[in-house]
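Asker: Have a look at this one.
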Amino acid sequence: MAESQTSFPKNKIRLVLLEGVHEDGRAMLEGEGFDVDARPGALEGEALTKAASDAHVLGVRSKTQLTQEIIDSAGRLLAIGCFCAGTNQVDLARASRLGIPVFNAPFSNTRSVAEMTISEVIALHRRMFDRSAQMHAGQWDKSASGSHEVRGRTLGIVGYGHIGSQVSVLAEAMGMRVLYYDVDTKLPLGNARAAGSLEELLRESDAVTLHVPATGTTSGMIGAARLALMKPGAILINNARGSVVDNDALSAALRDGRLGGAALDVFPVEPASRGEVFQSVLRGAPNVILTPHVGGSTLEAQASIATEVAGKLARFINDGSTIGAVNVPQVDLPDQGVRGGDAGARPHRILHFHRNVPGVLSRMHEVIASCGANISGEYLRTDGELGYVVLDVDPTDGEALAKGLRDVPETIRTRVLW
Ligand code: NAI
């Protein structure tokens with residue numbers, strides 16, 4: 001039996017936010033008039049099932065696992081918000097089969113990663129972390145040996161996407177020359193120049209920073225052969241994904257002095273929890289900065305993630321827009337119109353998720369024709385097995401049409417907004 005929800009007062013729409021979603025997200029959703037229950041920690045087992053059971057929206061970060069069982073048990077669920085970049089913690093296929101959009105914030109921490117990268121470019125050029133460690137151990141070793149200004153040196157950026165291009169702008173502002181390499185053609189920002197090949201970039205750069213995704217082609221992309229192409233004394237930064245660099249080869253190049261330093265924020269195997277010991281061949285290597293996957297972890301990024309995801313959730317609840325959803329077709333929608341004193345004048349909007357099989361649209365159009373409905377807008381997107389159509393209709397037609405569409409066998413879920 002297909003699910004159906006109709007509009008009801010906003011303060012009856014319950015959003016359960018777990019894992020200490022940043023205050024700005026909660027405030028934004030409360031400002032929309034929703035009933036928001038924000039909790040500090042992750043939940044699992046029965047506690048999670050209970051919290052999900054009466055939630056119209058579940059908001060999680062990376063710890064809470066929204067499995068098929070949890071999603072199935074959350075009978076009222078309309079949408080899921082992942083207040084982070086990844087969505088691995090959610091059974092996306094199950095959510096899409098039930099017409100439940102999942103939203104995230106893939107790029108809200110871009111600037112944070114770019115800033116950390118730039119700070120490392122300078123810190124490595126001055127061997128700052130090794131010097132600081134010496135000082136903490138009581139050693140005063142005042143010398144210019146191995147220290148450089150970054151001004152005039154060449155930064156090679158591998159992957160000129162959101163983060164890489166931000167790094168480019170910041171590096172040029174410090175007087176660096178920027179070379180970049182990307183598999184796609186990218187517009188160079190400022191005076192940055194595209195390298196003809198990855199090899200050319202490695203040969204010409206004083207510092208190389210990696211900003212590519214983890215894919216089959218980037219796995220082991222920087223190994224012994226490519227490290228050997230880098231300038232003597234050059235530095236390497238990996239704030240992208242652990243699979244991109246062969247750390248054994250990097251450690252060898254650092255320890256025998258061919259490379260001048262490295263910074264790594266991501267590792268092929270990362271401890272699952274705070275108490276677990278971090279193991280890496282790079283521990284103790286000279287002029288190496290190791291950070292625990294915190295490139296994107298700033299309060300500003302958290303705030304920006306919270307408002308980005310809260311905004312997407314609010315748009316979906318209020319208007320049916322699925323822009324930014326990772327698992328359902330993306331439909332962008334105009335405003336339904338200003339709600340005047342006479343609520344009856346506002347068009348009804350029917351949100352309809354259905355199985356995308358041949359003939360479903362004609363069955364839907366038969367229903368529309370049989371209701372004699374006056375449709376002012378129809379917005380459809382399909383994506384694999386799922387279709388999402390939004391219909392704006394005269395207020396008098398809304399309920400009858402929604403009922404007719406609910407009875408179309410391929411219907412997964414309908415909701416009426418007015
Ligand atoms: P993006 O998707 O905007 O940019 C990636 C770029 O890499 C694209 O321009 C793409 O065309 C290019 N690319 C893909 N394969 C390539 C290849 N084989 N050679 C050269 N270029 C290639 O991604 P974004 O947001 O800039 O993120 C980059 C990386 O940073 C990702 O791996 C992401 O997971 C990681 N990241 C790490 C964080 C941290 O905490 N350390 C936080 C956020 C992102």
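Within each chain, counting starts at residue 1; across the structure tokens, chains are named A, B, ... in the order shown, with ligands numbered 1 upward in that order.
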Which protein, DNA or RNA residues have an atom within 8 Å of ligand 1, counting only C-alpha atoms and all ligand atoms, as number ranges by chain?
Answerer: A: 85, 106-107, 109-110, 112-113, 158-165, 181-186, 198, 210-215, 217-218, 221, 239-241, 265-266, 293-297
Asker: Return as a list in words the full set of residues in region 308-368 of chain A whose backbone-based DSSP assignment is strand (DSSP E or B).
Answerer: Ala325, His348, Arg349, Ile350, Leu351, His352, Phe353, His354 and Arg355 of chain A
Asker: Neighbouring residues of Val357 (chain A) were defined as those with any atom within 8 Å, considering only C-alpha atoms; residues of the same chain fewer than 2 positions away were excluded. Please report them as a VMD selection string.
Answerer: chain A and resid 355 359 to 360 385 410
Asker: Next, dump the selected residues to file, keeping only N, CA, C and O atoms, as an mmCIF file, in the first residue's frame.
Answerer:
```
data_model
loop_
_atom_site.group_PDB
_atom_site.id
_atom_site.type_symbol
_atom_site.label_atom_id
_atom_site.label_comp_id
_atom_site.auth_asym_id
_atom_site.auth_seq_id
_atom_site.Cartn_x
_atom_site.Cartn_y
_atom_site.Cartn_z
ATOM 1 N N ARG A 355 7.556 4.078 -8.889
ATOM 2 C CA ARG A 355 8.502 3.203 -9.575
ATOM 3 C C ARG A 355 8.519 3.584 -11.044
ATOM 4 O O ARG A 355 7.459 3.739 -11.659
ATOM 5 N N GLY A 359 4.767 2.873 -18.835
ATOM 6 C CA GLY A 359 3.313 2.964 -18.685
ATOM 7 C C GLY A 359 2.865 3.740 -17.462
ATOM 8 O O GLY A 359 1.699 4.119 -17.358
ATOM 9 N N VAL A 360 3.772 3.977 -16.518
ATOM 10 C CA VAL A 360 3.317 4.623 -15.278
ATOM 11 C C VAL A 360 2.827 6.048 -15.547
ATOM 12 O O VAL A 360 1.799 6.480 -14.994
ATOM 13 N N GLU A 385 15.385 3.448 -11.262
ATOM 14 C CA GLU A 385 14.124 2.792 -10.910
ATOM 15 C C GLU A 385 13.106 3.731 -10.301
ATOM 16 O O GLU A 385 11.973 3.344 -10.030
ATOM 17 N N GLU A 410 2.087 1.709 -9.200
ATOM 18 C CA GLU A 410 3.527 2.004 -9.072
ATOM 19 C C GLU A 410 3.830 3.075 -8.021
ATOM 20 O O GLU A 410 4.997 3.387 -7.770
#
```
Asker: What lies within 12 Å of Ser73 (chain A) using only C-alpha atoms, ignoring chain neighbours under 5 positions off, as a list in words?
Answerer: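 My reading of the contact set: Gly45, Glu46, Leu48, Thr49, Lys50, Ala51, Ala52, Ser53, Asp54, Ala55, Leu66, Thr67, Gln68, Arg94, Ala95 and Leu98 of chain A.
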Asker: Give the answer as one residue: which of A:Gly156, A:Gly220, A:Gly404, A:Gly324 has the shortest atom-to-atom distance to Gly81 (chain A), using only C-alpha atoms?
Answerer: A:Gly324
Asker: Which distance in Å separates CA of Gly146 (chain A) and CA of Pro232 (chain A), to one decimal?
Answerer: 12.1 Å
Asker: Which residue out of A:Gly275, A:Gly233, A:Pro347, A:Gly398 has the minimum interatomic distance to Ile368 (chain A) when only C-alpha atoms are used?
Answerer: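 Result for the nearest residue to Ile368 (chain A): A:Gly398.
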Asker: Separation of CA of Gly190 (chain A) and CA of Glu172 (chain A), in Å?
Answerer: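 Rounded to one decimal, the two atoms are 7.7 Å apart.
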Asker: Using only C-alpha atoms, can you tell me which of A:Arg258, A:His136, A:His348, A:His125 comes closest to Gly320 (chain A)?
Answerer: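 Checking each of A:Arg258, A:His136, A:His348, A:His125 against Gly320 (chain A), counting only C-alpha atoms, the winner is A:His348.
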Asker: Of the candidates A:Val102, A:Leu17, A:Ala285, A:Leu264, which shows the shortest atom-to-atom distance to Asn88 (chain A), using only C-alpha atoms?
Answerer: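 Of A:Val102, A:Leu17, A:Ala285, A:Leu264, the one nearest Asn88 (chain A) is A:Val102, counting only C-alpha atoms.
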Asker: Give me, as a PDB file with C-alpha atoms, in the first residue's frame, all polymer residues having an atom no more than 12 Å from Ala225 (chain A), counting only C-alpha atoms and skipping those fewer than 4 positions away in the same chain.
Answerer:
```
ATOM      1  CA  GLU A 199      54.577  13.901 -14.615  1.00  0.00           C
ATOM      2  CA  LEU A 202      55.715  16.544 -10.402  1.00  0.00           C
ATOM      3  CA  ARG A 203      58.969  17.532 -12.120  1.00  0.00           C
ATOM      4  CA  GLY A 220      48.196   4.373  -5.587  1.00  0.00           C
ATOM      5  CA  MET A 221      48.503   7.351  -7.941  1.00  0.00           C
ATOM      6  CA  LEU A 229      60.124  12.430 -10.496  1.00  0.00           C
ATOM      7  CA  MET A 230      59.711  15.096  -7.805  1.00  0.00           C
ATOM      8  CA  VAL A 245      49.647   7.698  -1.873  1.00  0.00           C
ATOM      9  CA  ASP A 246      51.900   4.687  -1.337  1.00  0.00           C
ATOM     10  CA  ALA A 249      57.411   4.630  -0.846  1.00  0.00           C
ATOM     11  CA  LEU A 250      56.852   8.095   0.609  1.00  0.00           C
ATOM     12  CA  ALA A 253      61.843   8.984   0.011  1.00  0.00           C
TER      13      ALA A 253
END
```
Asker: In region 73-240 of chain A, what's alpha helix (DSSP H) per DSSP? Answer as a ChimeraX atom specification?
Answerer: /A:73,92-97,110-125,128-136,162-173,198-204,224-229
Asker: Counting only C-alpha atoms, which residue out of A:Thr322, A:Ala224, A:Leu333, A:Ala262 sits closest to Leu290 (chain A)?
Answerer: A:Ala262
